[in-house]
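run_11.txt follows (compact mmCIF, C-alpha atoms and all ligand atoms):
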```txt
# COMPACT_ATOMS: atom_id res chain seq x y z
CA MET A 4 3.54 6.25 36.77
CA HIS A 5 -0.26 6.22 36.36
CA LEU A 6 0.12 9.35 34.16
CA LEU A 7 1.75 7.17 31.52
CA ILE A 8 0.24 3.77 32.26
CA ASN A 9 -3.40 4.89 32.34
CA ALA A 10 -6.52 2.75 31.82
CA GLU A 11 -6.26 2.90 28.03
CA VAL A 12 -2.62 1.80 27.99
CA ARG A 13 -3.31 -0.99 30.47
CA GLN A 14 -6.30 -2.23 28.47
CA MET A 15 -4.23 -2.57 25.28
CA ALA A 16 -1.37 -4.27 27.12
CA GLU A 17 -3.85 -6.70 28.72
CA SER A 18 -5.55 -7.58 25.44
CA VAL A 19 -2.20 -8.31 23.77
CA ALA A 20 -1.07 -10.35 26.80
CA LEU A 21 -4.31 -12.34 26.61
CA LEU A 22 -3.81 -13.17 22.91
CA ARG A 23 -0.19 -14.18 23.63
CA ALA A 24 -1.31 -16.37 26.54
CA ARG A 25 -3.79 -18.11 24.20
CA ASP A 26 -0.98 -18.44 21.66
CA ILE A 27 -2.97 -16.77 18.86
CA TYR A 28 -0.94 -13.54 18.60
CA THR A 29 0.68 -13.64 15.14
CA TYR A 30 1.79 -10.02 14.59
CA GLY A 31 5.40 -9.15 13.89
CA LEU A 32 6.81 -12.66 14.22
CA GLU A 33 10.55 -12.98 13.80
CA VAL A 34 11.63 -13.45 10.18
CA SER A 35 15.12 -14.80 9.45
CA SER A 36 15.24 -14.89 5.64
CA ALA A 37 14.72 -12.57 2.66
CA CYS A 38 11.13 -11.73 1.74
CA ASN A 39 10.56 -14.32 -0.95
CA HIS A 40 7.69 -16.68 -1.82
CA ARG A 41 8.85 -18.81 1.09
CA VAL A 42 10.02 -17.13 4.27
CA ARG A 43 11.48 -18.38 7.58
CA VAL A 44 9.18 -17.35 10.41
CA ASN A 45 10.12 -18.26 13.98
CA GLY A 46 12.76 -20.54 12.47
CA VAL A 47 10.36 -22.49 10.22
CA GLU A 48 9.86 -22.08 6.45
CA ARG A 49 6.32 -20.99 5.48
CA ILE A 50 4.62 -19.84 2.31
CA ASN A 51 4.68 -16.06 2.34
CA PHE A 52 1.31 -14.36 1.95
CA ILE A 53 1.96 -11.45 4.25
CA SER A 54 4.06 -9.12 2.14
CA ASN A 55 3.43 -6.26 -0.30
CA ASN A 56 6.48 -7.35 -2.27
CA TYR A 57 4.13 -8.33 -5.10
CA LEU A 58 6.76 -8.60 -7.83
CA GLY A 59 9.34 -10.19 -5.54
CA PHE A 60 11.88 -7.51 -6.46
CA SER A 61 13.20 -6.96 -2.92
CA SER A 62 15.57 -9.92 -3.34
CA HIS A 63 15.93 -10.01 -7.15
CA PRO A 64 19.67 -10.43 -7.95
CA ARG A 65 19.78 -7.30 -10.12
CA VAL A 66 18.17 -5.19 -7.38
CA VAL A 67 20.47 -6.59 -4.72
CA GLU A 68 23.52 -6.04 -6.93
CA ALA A 69 22.58 -2.41 -7.66
CA ALA A 70 21.98 -1.80 -3.95
CA GLY A 71 25.32 -3.40 -3.07
CA MET A 72 27.20 -1.13 -5.47
CA ALA A 73 25.47 1.96 -4.06
CA LEU A 74 26.26 0.81 -0.54
CA GLN A 75 29.97 0.59 -1.42
CA ARG A 76 29.97 4.00 -3.01
CA TYR A 77 27.72 6.01 -0.68
CA GLY A 78 27.64 4.11 2.61
CA VAL A 79 24.42 3.54 4.58
CA GLY A 80 23.03 7.07 4.45
CA THR A 81 23.65 10.62 3.31
CA GLY A 82 24.13 12.17 6.73
CA GLY A 83 21.60 14.89 6.02
CA SER A 84 18.18 15.95 4.86
CA PRO A 85 17.50 16.41 1.12
CA LEU A 86 18.04 20.19 1.12
CA MET A 87 21.39 19.72 2.89
CA CYS A 88 23.75 16.98 1.70
CA GLY A 89 20.99 14.41 1.11
CA THR A 90 20.53 14.66 -2.66
CA THR A 91 22.95 12.37 -4.48
CA THR A 92 23.24 11.58 -8.18
CA LEU A 93 21.04 8.54 -7.53
CA HIS A 94 18.29 10.71 -6.01
CA THR A 95 18.34 12.92 -9.10
CA ARG A 96 18.15 9.92 -11.43
CA LEU A 97 15.28 8.41 -9.47
CA LYS A 98 13.29 11.65 -9.48
CA GLU A 99 13.69 11.84 -13.24
CA LYS A 100 12.65 8.21 -13.60
CA ILE A 101 9.46 8.72 -11.62
CA ALA A 102 8.49 11.86 -13.52
CA GLU A 103 9.09 9.99 -16.79
CA ALA A 104 7.14 6.90 -15.66
CA TYR A 105 4.10 9.06 -14.84
CA GLN A 106 4.59 11.54 -17.70
CA GLN A 107 4.87 14.41 -15.23
CA GLU A 108 7.21 17.40 -15.12
CA ALA A 109 9.00 16.70 -11.86
CA ALA A 110 9.13 14.53 -8.74
CA VAL A 111 10.30 14.75 -5.14
CA LEU A 112 11.45 11.84 -2.94
CA PHE A 113 10.52 11.17 0.67
CA ALA A 114 12.02 8.76 3.20
CA SER A 115 8.78 6.74 3.20
CA GLY A 116 5.43 6.55 1.46
CA TYR A 117 3.76 7.65 4.69
CA GLN A 118 5.81 10.84 4.64
CA ALA A 119 5.05 11.35 0.94
CA MET A 120 1.29 11.42 1.69
CA LEU A 121 1.80 13.80 4.62
CA GLY A 122 3.91 16.07 2.43
CA ALA A 123 1.62 15.94 -0.61
CA ILE A 124 -1.45 16.95 1.41
CA GLN A 125 0.16 19.40 3.81
CA GLY A 126 1.84 21.10 0.84
CA THR A 127 -1.48 21.42 -1.03
CA LEU A 128 -4.15 22.18 1.55
CA GLY A 129 -4.52 24.45 4.57
CA ARG A 130 -7.17 26.32 6.50
CA GLY A 131 -10.10 27.25 4.27
CA ASP A 132 -9.62 24.16 2.09
CA LEU A 133 -11.48 20.84 2.07
CA ALA A 134 -10.23 17.27 1.70
CA LEU A 135 -12.83 14.82 0.37
CA ILE A 136 -11.51 11.37 1.17
CA ASP A 137 -12.84 7.91 0.39
CA GLN A 138 -13.71 6.26 3.70
CA LEU A 139 -11.15 3.48 3.10
CA VAL A 140 -8.07 5.55 2.25
CA HIS A 141 -4.81 4.70 3.98
CA ARG A 142 -4.05 6.25 7.34
CA SER A 143 -1.23 8.34 5.83
CA ILE A 144 -3.82 10.37 3.88
CA VAL A 145 -5.95 10.90 6.97
CA ASP A 146 -2.88 12.03 8.92
CA GLY A 147 -1.85 14.35 6.07
CA VAL A 148 -5.27 15.97 6.23
CA ILE A 149 -4.98 16.43 10.00
CA LEU A 150 -1.50 17.95 9.60
CA SER A 151 -2.70 20.37 6.92
CA GLY A 152 -5.39 21.89 9.17
CA CYS A 153 -8.03 21.78 6.39
CA ASP A 154 -11.61 20.57 6.78
CA LYS A 155 -12.32 16.90 6.03
CA ARG A 156 -15.33 14.99 4.71
CA MET A 157 -15.43 11.27 4.05
CA TRP A 158 -17.52 9.71 1.29
CA LEU A 159 -18.75 6.15 1.05
CA HIS A 160 -16.22 3.79 -0.43
CA ASN A 161 -15.97 4.15 -4.23
CA ASP A 162 -19.54 5.53 -4.22
CA MET A 163 -19.80 8.16 -6.94
CA GLU A 164 -23.29 9.23 -5.95
CA ASP A 165 -22.08 10.07 -2.46
CA LEU A 166 -19.00 11.88 -3.76
CA GLY A 167 -21.11 13.82 -6.26
CA ALA A 168 -23.57 14.86 -3.56
CA LEU A 169 -20.74 15.95 -1.27
CA LEU A 170 -19.14 18.00 -4.04
CA ALA A 171 -22.49 19.67 -4.78
CA ARG A 172 -23.08 20.46 -1.08
CA THR A 173 -19.64 21.97 -0.50
CA GLY A 174 -19.39 24.03 -3.71
CA GLY A 175 -18.44 27.71 -3.24
CA LYS A 176 -17.56 27.24 0.43
CA TYR A 177 -13.83 26.50 0.17
CA LYS A 178 -10.77 27.94 -1.53
CA ARG A 179 -9.69 24.51 -2.79
CA ARG A 180 -11.13 21.03 -2.67
CA LEU A 181 -9.06 17.89 -3.04
CA ILE A 182 -10.46 14.41 -3.68
CA ALA A 183 -8.05 11.78 -2.30
CA VAL A 184 -8.16 8.08 -3.13
CA ASP A 185 -6.02 4.98 -2.95
CA SER A 186 -5.55 3.68 -6.49
CA VAL A 187 -5.80 0.13 -5.14
CA TYR A 188 -7.28 -0.20 -1.65
CA SER A 189 -4.78 -1.77 0.71
CA MET A 190 -7.16 -4.00 2.67
CA ASP A 191 -9.78 -4.76 0.00
CA GLY A 192 -7.82 -4.95 -3.24
CA ASP A 193 -10.35 -3.05 -5.35
CA ILE A 194 -9.56 -0.19 -7.70
CA ALA A 195 -10.62 3.48 -7.47
CA ASP A 196 -13.15 4.44 -10.14
CA LEU A 197 -10.93 7.12 -11.66
CA PRO A 198 -12.96 7.89 -14.81
CA ALA A 199 -16.03 8.72 -12.73
CA ILE A 200 -13.99 10.59 -10.10
CA LYS A 201 -12.32 12.66 -12.80
CA ALA A 202 -15.65 13.54 -14.41
CA LEU A 203 -16.96 14.74 -11.04
CA ALA A 204 -13.76 16.61 -10.22
CA ASP A 205 -13.83 18.41 -13.58
CA ARG A 206 -17.46 19.35 -13.16
CA HIS A 207 -16.94 20.68 -9.62
CA GLU A 208 -13.45 22.14 -10.06
CA ALA A 209 -11.79 19.89 -7.52
CA LEU A 210 -8.26 18.50 -7.44
CA ILE A 211 -7.47 14.76 -7.40
CA LEU A 212 -4.72 13.01 -5.44
CA VAL A 213 -4.06 9.32 -6.07
CA ASP A 214 -2.04 7.15 -3.69
CA GLU A 215 -0.22 4.72 -5.95
CA ALA A 216 1.11 2.50 -3.13
CA HIS A 217 -0.47 -0.78 -4.29
CA SER A 218 -0.87 0.05 -7.98
CA LEU A 219 2.60 1.04 -9.23
CA GLY A 220 4.13 -2.10 -10.73
CA VAL A 221 0.79 -3.87 -10.42
CA ILE A 222 -2.00 -2.38 -12.56
CA GLY A 223 -1.78 -0.94 -16.05
CA PRO A 224 -0.41 -2.90 -19.02
CA ARG A 225 3.17 -1.80 -18.17
CA GLY A 226 2.64 -1.61 -14.42
CA ARG A 227 2.47 2.19 -14.41
CA GLY A 228 -0.54 2.30 -12.11
CA LEU A 229 -4.03 3.71 -12.08
CA LEU A 230 -3.68 6.35 -14.79
CA GLU A 231 -2.26 3.81 -17.21
CA HIS A 232 -4.90 1.25 -16.20
CA PHE A 233 -7.69 3.60 -17.26
CA ALA A 234 -5.66 5.21 -20.09
CA LEU A 235 -6.14 8.59 -18.40
CA PRO A 236 -2.67 10.19 -18.41
CA GLU A 237 -4.17 13.43 -17.03
CA GLY A 238 -6.42 11.66 -14.54
CA ALA A 239 -4.90 13.17 -11.38
CA HIS A 240 -3.29 16.46 -10.34
CA ILE A 241 -1.08 14.90 -7.65
CA ILE A 242 0.40 11.40 -7.80
CA ALA A 243 2.04 10.06 -4.66
CA GLY A 244 3.33 6.61 -3.82
CA THR A 245 5.82 4.34 -2.14
CA PHE A 246 8.67 2.03 -3.08
CA SER A 247 7.78 -0.37 -0.27
CA LYS A 248 5.45 -2.44 -2.45
CA PHE A 249 6.53 -2.56 -6.10
CA ALA A 250 10.26 -2.57 -5.32
CA GLY A 251 9.98 -4.21 -1.89
CA ALA A 252 12.24 -1.37 -0.72
CA VAL A 253 11.70 1.81 1.29
CA GLY A 254 10.86 5.39 0.29
CA GLY A 255 8.12 7.52 -1.19
CA PHE A 256 7.50 10.06 -3.92
CA VAL A 257 5.20 12.79 -5.18
CA THR A 258 5.11 13.71 -8.85
CA GLY A 259 3.28 16.48 -10.72
CA PRO A 260 3.84 19.92 -12.29
CA ALA A 261 7.34 21.39 -11.76
CA ASP A 262 6.15 24.49 -9.85
CA PHE A 263 4.08 22.36 -7.48
CA ILE A 264 7.04 20.06 -6.80
CA THR A 265 9.27 23.09 -6.11
CA HIS A 266 6.61 24.36 -3.71
CA LEU A 267 6.48 20.99 -1.89
CA THR A 268 10.27 20.90 -1.69
CA HIS A 269 10.18 24.14 0.32
CA THR A 270 7.02 23.65 2.36
CA ALA A 271 6.44 19.95 3.10
CA SER A 272 7.76 19.41 6.62
CA ALA A 273 7.90 15.60 6.15
CA PHE A 274 10.46 16.32 3.40
CA ILE A 275 12.43 19.22 4.86
CA PHE A 276 12.79 18.01 8.43
CA SER A 277 13.71 14.37 7.88
CA ALA A 278 16.87 12.56 6.77
CA SER A 279 17.10 11.80 3.09
CA LEU A 280 16.16 8.46 1.56
CA PRO A 281 19.37 6.33 1.68
CA PRO A 282 21.10 6.14 -1.75
CA VAL A 283 21.10 2.34 -1.50
CA GLN A 284 17.29 2.49 -1.70
CA CYS A 285 17.39 4.80 -4.73
CA ALA A 286 19.68 2.35 -6.52
CA ALA A 287 17.40 -0.58 -5.67
CA VAL A 288 14.31 1.27 -6.92
CA LEU A 289 16.03 2.33 -10.15
CA ALA A 290 16.90 -1.33 -10.75
CA ALA A 291 13.27 -2.30 -9.99
CA PHE A 292 12.05 0.19 -12.63
CA GLN A 293 14.42 -1.42 -15.12
CA LEU A 294 13.07 -4.87 -14.27
CA LEU A 295 9.53 -3.68 -14.82
CA ASP A 296 10.44 -3.00 -18.46
CA GLU A 297 13.09 -5.64 -19.12
CA GLU A 298 11.55 -8.63 -17.30
CA PRO A 299 7.78 -8.31 -17.94
CA GLN A 300 7.35 -11.97 -16.99
CA TRP A 301 7.06 -10.95 -13.31
CA HIS A 302 4.09 -8.71 -13.98
CA ARG A 303 2.50 -11.40 -16.14
CA GLN A 304 3.09 -14.12 -13.56
CA LEU A 305 1.71 -11.96 -10.77
CA TRP A 306 -1.59 -11.62 -12.62
CA GLU A 307 -1.71 -15.32 -13.47
CA ASN A 308 -1.29 -16.06 -9.77
CA VAL A 309 -3.94 -13.51 -8.80
CA ARG A 310 -6.49 -14.99 -11.20
CA TYR A 311 -5.72 -18.55 -10.13
CA LEU A 312 -5.99 -17.75 -6.43
CA LEU A 313 -9.16 -15.65 -6.73
CA ASP A 314 -10.89 -18.35 -8.82
CA SER A 315 -9.76 -21.19 -6.56
CA LEU A 316 -10.75 -19.40 -3.35
CA ALA A 317 -14.18 -18.68 -4.80
CA SER A 318 -14.69 -22.31 -5.77
CA LEU A 319 -13.71 -23.38 -2.24
CA GLY A 320 -16.47 -21.09 -0.95
CA PHE A 321 -14.34 -18.27 0.48
CA ASP A 322 -15.57 -14.69 0.37
CA THR A 323 -12.83 -12.48 -1.12
CA GLY A 324 -14.87 -9.29 -0.97
CA ARG A 325 -14.26 -6.81 -3.79
CA SER A 326 -10.72 -7.90 -4.61
CA GLN A 327 -9.53 -7.55 -8.20
CA THR A 328 -5.78 -7.38 -7.51
CA PRO A 329 -2.91 -9.10 -5.57
CA VAL A 330 -4.45 -7.76 -2.35
CA ILE A 331 -6.92 -10.52 -1.46
CA PRO A 332 -8.96 -10.43 1.74
CA LEU A 333 -10.43 -13.63 3.11
CA MET A 334 -13.50 -12.16 4.75
CA ILE A 335 -14.11 -13.85 8.10
CA ARG A 336 -16.22 -11.10 9.70
CA ASP A 337 -15.41 -12.12 13.27
CA PRO A 338 -12.22 -10.93 15.05
CA GLU A 339 -11.84 -14.04 17.23
CA LYS A 340 -12.21 -16.39 14.26
CA ALA A 341 -9.80 -14.29 12.18
CA MET A 342 -7.10 -14.66 14.85
CA LEU A 343 -7.81 -18.40 15.21
CA PHE A 344 -7.78 -18.97 11.46
CA ASN A 345 -4.50 -17.10 11.05
CA LYS A 346 -2.87 -19.13 13.80
CA SER A 347 -4.20 -22.35 12.30
CA ILE A 348 -2.82 -21.62 8.79
CA LEU A 349 0.48 -20.48 10.30
CA GLU A 350 0.89 -23.81 12.06
CA ARG A 351 0.16 -25.59 8.79
CA GLY A 352 2.70 -23.52 6.86
CA VAL A 353 1.19 -20.24 5.58
CA TYR A 354 2.24 -16.85 6.93
CA ALA A 355 -0.49 -14.21 6.50
CA SER A 356 -1.90 -11.31 8.44
CA PRO A 357 -5.15 -10.98 10.40
CA VAL A 358 -6.82 -7.59 10.02
CA VAL A 359 -9.12 -6.79 12.93
CA HIS A 360 -10.35 -3.78 14.93
CA PRO A 361 -9.19 -0.97 14.98
CA ALA A 362 -7.82 -1.43 11.43
CA VAL A 363 -11.33 -2.46 10.29
CA ALA A 364 -14.74 -2.73 11.98
CA PRO A 365 -15.20 -6.07 13.85
CA ALA A 366 -17.74 -7.26 11.25
CA GLU A 367 -15.12 -6.61 8.56
CA SER A 368 -12.41 -8.79 10.21
CA ARG A 369 -10.37 -10.68 7.67
CA ILE A 370 -7.11 -12.32 6.70
CA ARG A 371 -5.19 -10.25 4.18
CA LEU A 372 -3.27 -12.17 1.53
CA GLY A 373 -0.57 -10.55 -0.59
CA VAL A 374 0.02 -12.52 -3.80
CA MET A 375 3.56 -12.62 -5.23
CA ALA A 376 4.82 -13.15 -8.78
CA SER A 377 7.31 -15.64 -7.37
CA HIS A 378 4.62 -17.88 -5.83
CA THR A 379 4.80 -21.18 -7.68
CA ARG A 380 1.71 -23.19 -8.59
CA GLU A 381 2.83 -25.64 -5.89
CA ASP A 382 2.89 -22.80 -3.29
CA LEU A 383 -0.62 -21.76 -4.29
CA ASP A 384 -2.01 -25.30 -4.23
CA ILE A 385 -0.46 -26.11 -0.86
CA ALA A 386 -1.82 -22.85 0.55
CA LEU A 387 -5.29 -23.49 -0.88
CA GLY A 388 -5.32 -26.93 0.75
CA ILE A 389 -4.42 -25.33 4.07
CA PHE A 390 -7.06 -22.61 3.73
CA GLN A 391 -9.64 -25.29 2.97
CA LYS A 392 -8.69 -27.46 5.94
CA SER A 393 -8.55 -24.59 8.46
CA GLY A 394 -11.62 -22.94 6.93
CA LYS A 395 -13.68 -26.12 7.33
CA GLU A 396 -12.50 -26.66 10.91
CA LEU A 397 -13.63 -23.15 11.85
CA GLY A 398 -16.88 -23.39 9.90
CA LEU A 399 -15.90 -20.62 7.48
CA ILE A 400 -16.66 -22.61 4.33
C1 LIG B 501 -2.15 2.79 0.56
C2 LIG B 501 -0.87 3.09 1.28
N1 LIG B 501 -0.38 4.33 1.26
C3 LIG B 501 0.78 4.64 1.87
C4 LIG B 501 1.49 3.71 2.57
C5 LIG B 501 2.76 4.09 3.27
O1 LIG B 501 3.88 3.64 2.59
P1 LIG B 501 5.25 3.32 3.32
O2 LIG B 501 5.19 1.91 3.81
O3 LIG B 501 6.29 3.53 2.28
O4 LIG B 501 5.40 4.29 4.45
C6 LIG B 501 1.03 2.40 2.62
C7 LIG B 501 1.78 1.37 3.36
O5 LIG B 501 1.28 0.49 3.97
C8 LIG B 501 -0.18 2.08 1.96
O6 LIG B 501 -0.69 0.83 2.00
```

Could I get this structure in the form of C-alpha cells?
Ligand SMILES: Cc1ncc(COP(=O)(O)O)c(C=O)c1O
Amino acid sequence: MHLLINAEVRQMAESVALLRARDIYTYGLEVSSACNHRVRVNGVERINFISNNYLGFSSHPRVVEAAGMALQRYGVGTGGSPLMCGTTTLHTRLKEKIAEAYQQEAAVLFASGYQAMLGAIQGTLGRGDLALIDQLVHRSIVDGVILSGCDKRMWLHNDMEDLGALLARTGGKYKRRLIAVDSVYSMDGDIADLPAIKALADRHEALILVDEAHSLGVIGPRGRGLLEHFALPEGAHIIAGTFSKFAGAVGGFVTGPADFITHLTHTASAFIFSASLPPVQCAAVLAAFQLLDEEPQWHRQLWENVRYLLDSLASLGFDTGRSQTPVIPLMIRDPEKAMLFNKSILERGVYASPVVHPAVAPAESRIRLGVMASHTREDLDIALGIFQKSGKELGLI
C-alpha cells in the first residue's frame, strides 16, 4: 500500500484533514440550487461570489428552455466522439456561430475549455518549436505545452520588456514561436496587453494564442472578447475559449483559419479521443449567444456591478490587485488568514473561494470574487458589509 499512499499523498491528506478539523475547509461545499446570485450551500442560502457565471446565463429561462428541447430531441449525449457520430446539427450551428462571432473562417468544438487549450497547442507546436507563455496563464495552457513536447519559456506577467527580450534572445533558434496569453487573467482579473503583444509578435514573426475563457461575453462593447476590446480583429492567430464562463455551461472551442481548424480536427488528441460535447450544451450556448445580442442589459449590469464593487472595496481599504473585470481578488497575502476570512464570510452569508498555495505563492493568497450581472445592489451592499466586518476582525483593513 505504501507504493500508493507515500509521504506526499499522506502529507496532502493530513493537511486537508487538519483544515477540516479546524472547520475552515471551504472547498467544494455541497450546492443544492441553480447557480444564481444567491445559492444554497450546505442547505443555507448565501450570496454567490464563487462562480464564473458572470452573465448569469446558466439558469436564464431561454437557455434552460433551449437545453430542454435539445435534451428531448438528442438525449444526454451523442454516444461517440466528434469524428464518429458526435457531430449533430447543433454542433455545426455552434461552430458557425463561433467563427462568425470572432470573424474567423472556421471553428472546432471540444468537450471542455481545458481540452480546447490542450488541442490548440498540441495541434500547433511540437519538437523544435517554442511556447512563450505569460507566467500567470491558466494551467490548461501549461499542460498543452507539456503535451506538445515543445520548449517553454515564461515571461513576467504582462511585462512587454521581458517578452521583447525573450523574443530577441530566442530568434532564429526555433521553427515556430507561439506567444500564449489569457485575455483576462483568471485569478487577477487584469487584461492582456494585446496591442503591445501584437506589435512584438509582428516584429519577431511569432504566433499569438489568446485564451478567451474570462473575456468572451465580458469585455468588448458587444462582449466579443479581447480582440473586440482593443478593436484588433486580426490581433491573434489562434483563439480558444470555453463555454463554462459566459454561458455558465460546459465545452470549449478553437477558432481560426479553415485549414488550421481542419488540421486540428485530425491531429488534436483532446478532440479525437474524447466523447463529443453533449448537444444539450450546444443548444444552451447558442441560446447564450442570442442573449448576448438580444438582452444587452446583462452585459451592462455586469459592468455596473463590477465598477460599484471595485470602488466600494477600495474605499473600505481592501487591496483588489490589478483587477479591471468581474474577476476581483481580495488580496490577503497570508494563506491562513485567507482560509479564516473565507470561513468567516461564509458563516455571515457570502460564498467565495480562497486561493492559496499551490494555485498561487503564499504571499499572493487571496479570496477570489466572481461578480454576476444578476447581483442586485442589495446583494452587493450586504456582501460589502460582511467583507468589512470580517476584514476588520482579521486586521485586513
Ligand atoms: C483561463 C482559463 N482557461 C481555460 C479554462 C478551462 O475551461 P473549462 O472549465 O471549460 O475546462 C479555465 C477554467 O477555469 C480558465 O480559467

Closest atom pairs, residues of chain A within 7 Å of ligand LIG 501 (chain B), all atoms listed in the file, as CSV:
```
residue,atom,partner,partner_atom,distance
A:Ser115,CA,B:LIG501,O3,4.2
A:Gly116,CA,B:LIG501,O3,3.2
A:Tyr117,CA,B:LIG501,O4,3.7
A:Gln118,CA,B:LIG501,O4,6.6
A:Met120,CA,B:LIG501,C3,6.8
A:Val140,CA,B:LIG501,C1,6.7
A:His141,CA,B:LIG501,C1,4.7
A:Ser143,CA,B:LIG501,C3,5.8
A:Asp185,CA,B:LIG501,C1,5.7
A:Tyr188,CA,B:LIG501,C1,6.3
A:Ser189,CA,B:LIG501,O6,5.0
A:Asp214,CA,B:LIG501,N1,5.9
A:Ala216,CA,B:LIG501,C2,4.9
A:His217,CA,B:LIG501,C1,6.3
A:Gly244,CA,B:LIG501,C3,6.5
A:Thr245,CA,B:LIG501,O3,4.5
A:Phe246,CA,B:LIG501,O3,6.1
A:Ser247,CA,B:LIG501,O3,4.9
A:Val253,CA,B:LIG501,O3,5.8
A:Gly254,CA,B:LIG501,O3,5.3
A:Gly255,CA,B:LIG501,O3,5.6
```

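Distances from A:Ser84, A:Ser315, A:Thr328, A:Asn56 to A:Gly388 were compared using only C-alpha atoms, and the smallest one belongs to A:Ser315.
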
* Structure fact -> In terms of all atoms listed in the file, the residue from A:Val363, A:Leu312, A:Ser368, A:Arg43 at minimal distance from A:Met334 is A:Ser368

* Which polymer residues have any atom within 8 Å of an atom of A:Asp154, counting only C-alpha atoms, with same-chain residues fewer than 6 positions away left out, as a PyMOL selection string? -> chain A and resi 130-134+148

* Neighbour list for A:Arg96 as a list in words, cut-off 9 Å, all atoms listed in the file, skip fewer than 5 positions in-chain ->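 Surrounding residues, per the criterion: Thr91, Ile101, Cys285 and Leu289 of chain A.
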
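With distances restricted to all atoms listed in the file, A:Val288 is the closest residue to A:Phe249 from A:Ile182, A:Val288, A:Ala261, A:Val359.
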
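The shell of residues at most 9 Å from stretch 65-67 of chain A, with all atoms listed in the file counted and near chain neighbours (fewer than 4 positions) removed, consists of Phe60, Ser61, Gly71, Met72, Ala250, Ala286, Ala287, Val288, Leu289, Ala290, Ala291 and Leu294 of chain A.
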
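If you look at atom CA of A:Gly324 and atom CA of A:Leu229, they are 20.2 Å away from each other.
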